[in-house]
Amino acid sequence: QVQLVESGGGLVQAGDSLRLSCAASGRTFSTYPMGWLRQAPGKEREFVATIAWSGRSTSYADSVKGRFTISRDNTKNMVYLQMTTLKPEDTAVYYCARDRVAYGLGSSDGDSYDYWGQGTQVTVSS
């Protein structure tokens, strides 16, 4: 069983930075890609970023490219999302999730993720 617990969300102003963390349980954490996805009120869930099992490859949604950075520490079973130059449209609940494909690069398709955290709220005021 895999458990994912996000932290680090909060209320910030436009232009600020925030770092989200995701703590994962399970002995096989290091063999799976991980991702961050988000859902704003009244909107569909959307992909934000993903990182390969090795940490050597990352991919981002166009809307966050250049502003957000995903990283992982396999020795600590942790995944991070560093967010800079935040905008009001980044307001959403952010979810950490595990991609179901072991040793993969990670997917932008939310249906590829089989374990999800409870989410952490990020609110960016203008």
# chains A, B, ... in the order shown; residues from 1 in each chain; ligands from 1

$ residues_around --residues "segment 58-66 of chain A" --least-positions-apart "5" --cutoff "10 Å" --atoms "only C-alpha atoms" --output "ChimeraX atom specification"
/A:33-37,46-53,71,83-87,89-90,105-108

$ residues_around --residues "Gln82 of chain A" --least-positions-apart "4" --cutoff "9 Å" --atoms "only C-alpha atoms" --output "list in words"
Ser17, Leu18, Arg19, Leu20, Ser21, Arg67, Phe68, Thr69, Ile70 and Ser71 of chain A

$ write_last_selection --atoms "C-alpha atoms" --output "compact mmCIF listing (two decimals), in the first residue's frame"
# COMPACT_ATOMS: atom_id res chain seq x y z
CA SER A 17 7.09 31.54 -4.34
CA LEU A 18 5.98 28.38 -2.57
CA ARG A 19 7.37 24.88 -2.23
CA LEU A 20 5.10 21.88 -1.98
CA SER A 21 6.34 18.61 -0.50
CA ARG A 67 8.12 28.89 -13.25
CA PHE A 68 7.72 25.50 -11.54
CA THR A 69 10.35 22.86 -10.85
CA ILE A 70 9.66 19.28 -9.83
CA SER A 71 12.30 17.26 -8.00

$ atom_distance --atom1 "atom CA of Leu11 of chain A" --atom2 "atom CA of Ser125 of chain A"
7.4 Å

$ residues_around --residues "Glu44 of chain A" --least-positions-apart "6" --cutoff "12 Å" --atoms "only C-alpha atoms" --output "list of chain:residue names"
A:Leu37, A:Arg38, A:Ala92, A:Val93, A:Gly110

$ write_last_selection --atoms "N, CA, C and O atoms" --output "mmCIF file, in the first residue's frame"
data_model
loop_
_atom_site.group_PDB
_atom_site.id
_atom_site.type_symbol
_atom_site.label_atom_id
_atom_site.label_comp_id
_atom_site.auth_asym_id
_atom_site.auth_seq_id
_atom_site.Cartn_x
_atom_site.Cartn_y
_atom_site.Cartn_z
ATOM 1 N N LEU A 37 -0.489 17.211 -9.974
ATOM 2 C CA LEU A 37 -1.645 17.628 -10.745
ATOM 3 C C LEU A 37 -2.449 18.578 -9.873
ATOM 4 O O LEU A 37 -2.272 18.609 -8.661
ATOM 5 N N ARG A 38 -3.322 19.363 -10.492
ATOM 6 C CA ARG A 38 -4.086 20.332 -9.708
ATOM 7 C C ARG A 38 -5.519 20.432 -10.225
ATOM 8 O O ARG A 38 -5.809 20.090 -11.374
ATOM 9 N N ALA A 92 -5.459 26.503 -6.798
ATOM 10 C CA ALA A 92 -6.025 25.176 -6.988
ATOM 11 C C ALA A 92 -5.654 24.293 -5.799
ATOM 12 O O ALA A 92 -4.816 24.671 -4.973
ATOM 13 N N VAL A 93 -6.261 23.133 -5.758
ATOM 14 C CA VAL A 93 -5.789 22.070 -4.869
ATOM 15 C C VAL A 93 -4.755 21.278 -5.652
ATOM 16 O O VAL A 93 -5.027 20.827 -6.766
ATOM 17 N N GLY A 110 -3.714 12.138 -16.432
ATOM 18 C CA GLY A 110 -4.082 11.873 -15.051
ATOM 19 C C GLY A 110 -4.520 10.448 -14.802
ATOM 20 O O GLY A 110 -4.370 9.922 -13.695
#

$ closest_residue --among "A:Tyr32, A:Tyr115, A:Tyr95, A:Tyr80" --to "Val2 of chain A" --atoms "only C-alpha atoms"
A:Tyr115

$ select_by_dssp --residues "segment 8-123 of chain A" --states "strand (DSSP E or B)" --output "PyMOL selection string"
chain A and resi 10-13+18-24+34-39+46-51+58-60+68-73+78-83+92-99+113-116+120-123

$ residues_around --residues "Ala24 of chain A" --least-positions-apart "6" --cutoff "6 Å" --atoms "only C-alpha atoms" --output "ChimeraX atom specification"
/A:3-4,77

$ write_last_selection --atoms "N, CA and C atoms" --output "PDB file, in the first residue's frame"
ATOM      1  N   GLN A   3       1.036   5.381   0.484  1.00  0.00           N
ATOM      2  CA  GLN A   3       0.373   6.579   1.011  1.00  0.00           C
ATOM      3  C   GLN A   3       1.186   7.811   0.633  1.00  0.00           C
ATOM      4  N   LEU A   4       0.492   8.838   0.202  1.00  0.00           N
ATOM      5  CA  LEU A   4       1.124  10.088  -0.196  1.00  0.00           C
ATOM      6  C   LEU A   4       0.516  11.218   0.619  1.00  0.00           C
ATOM      7  N   ASN A  77      12.235   9.363   0.114  1.00  0.00           N
ATOM      8  CA  ASN A  77      10.861   9.127  -0.371  1.00  0.00           C
ATOM      9  C   ASN A  77      10.068  10.429  -0.439  1.00  0.00           C
TER      10      ASN A  77
END
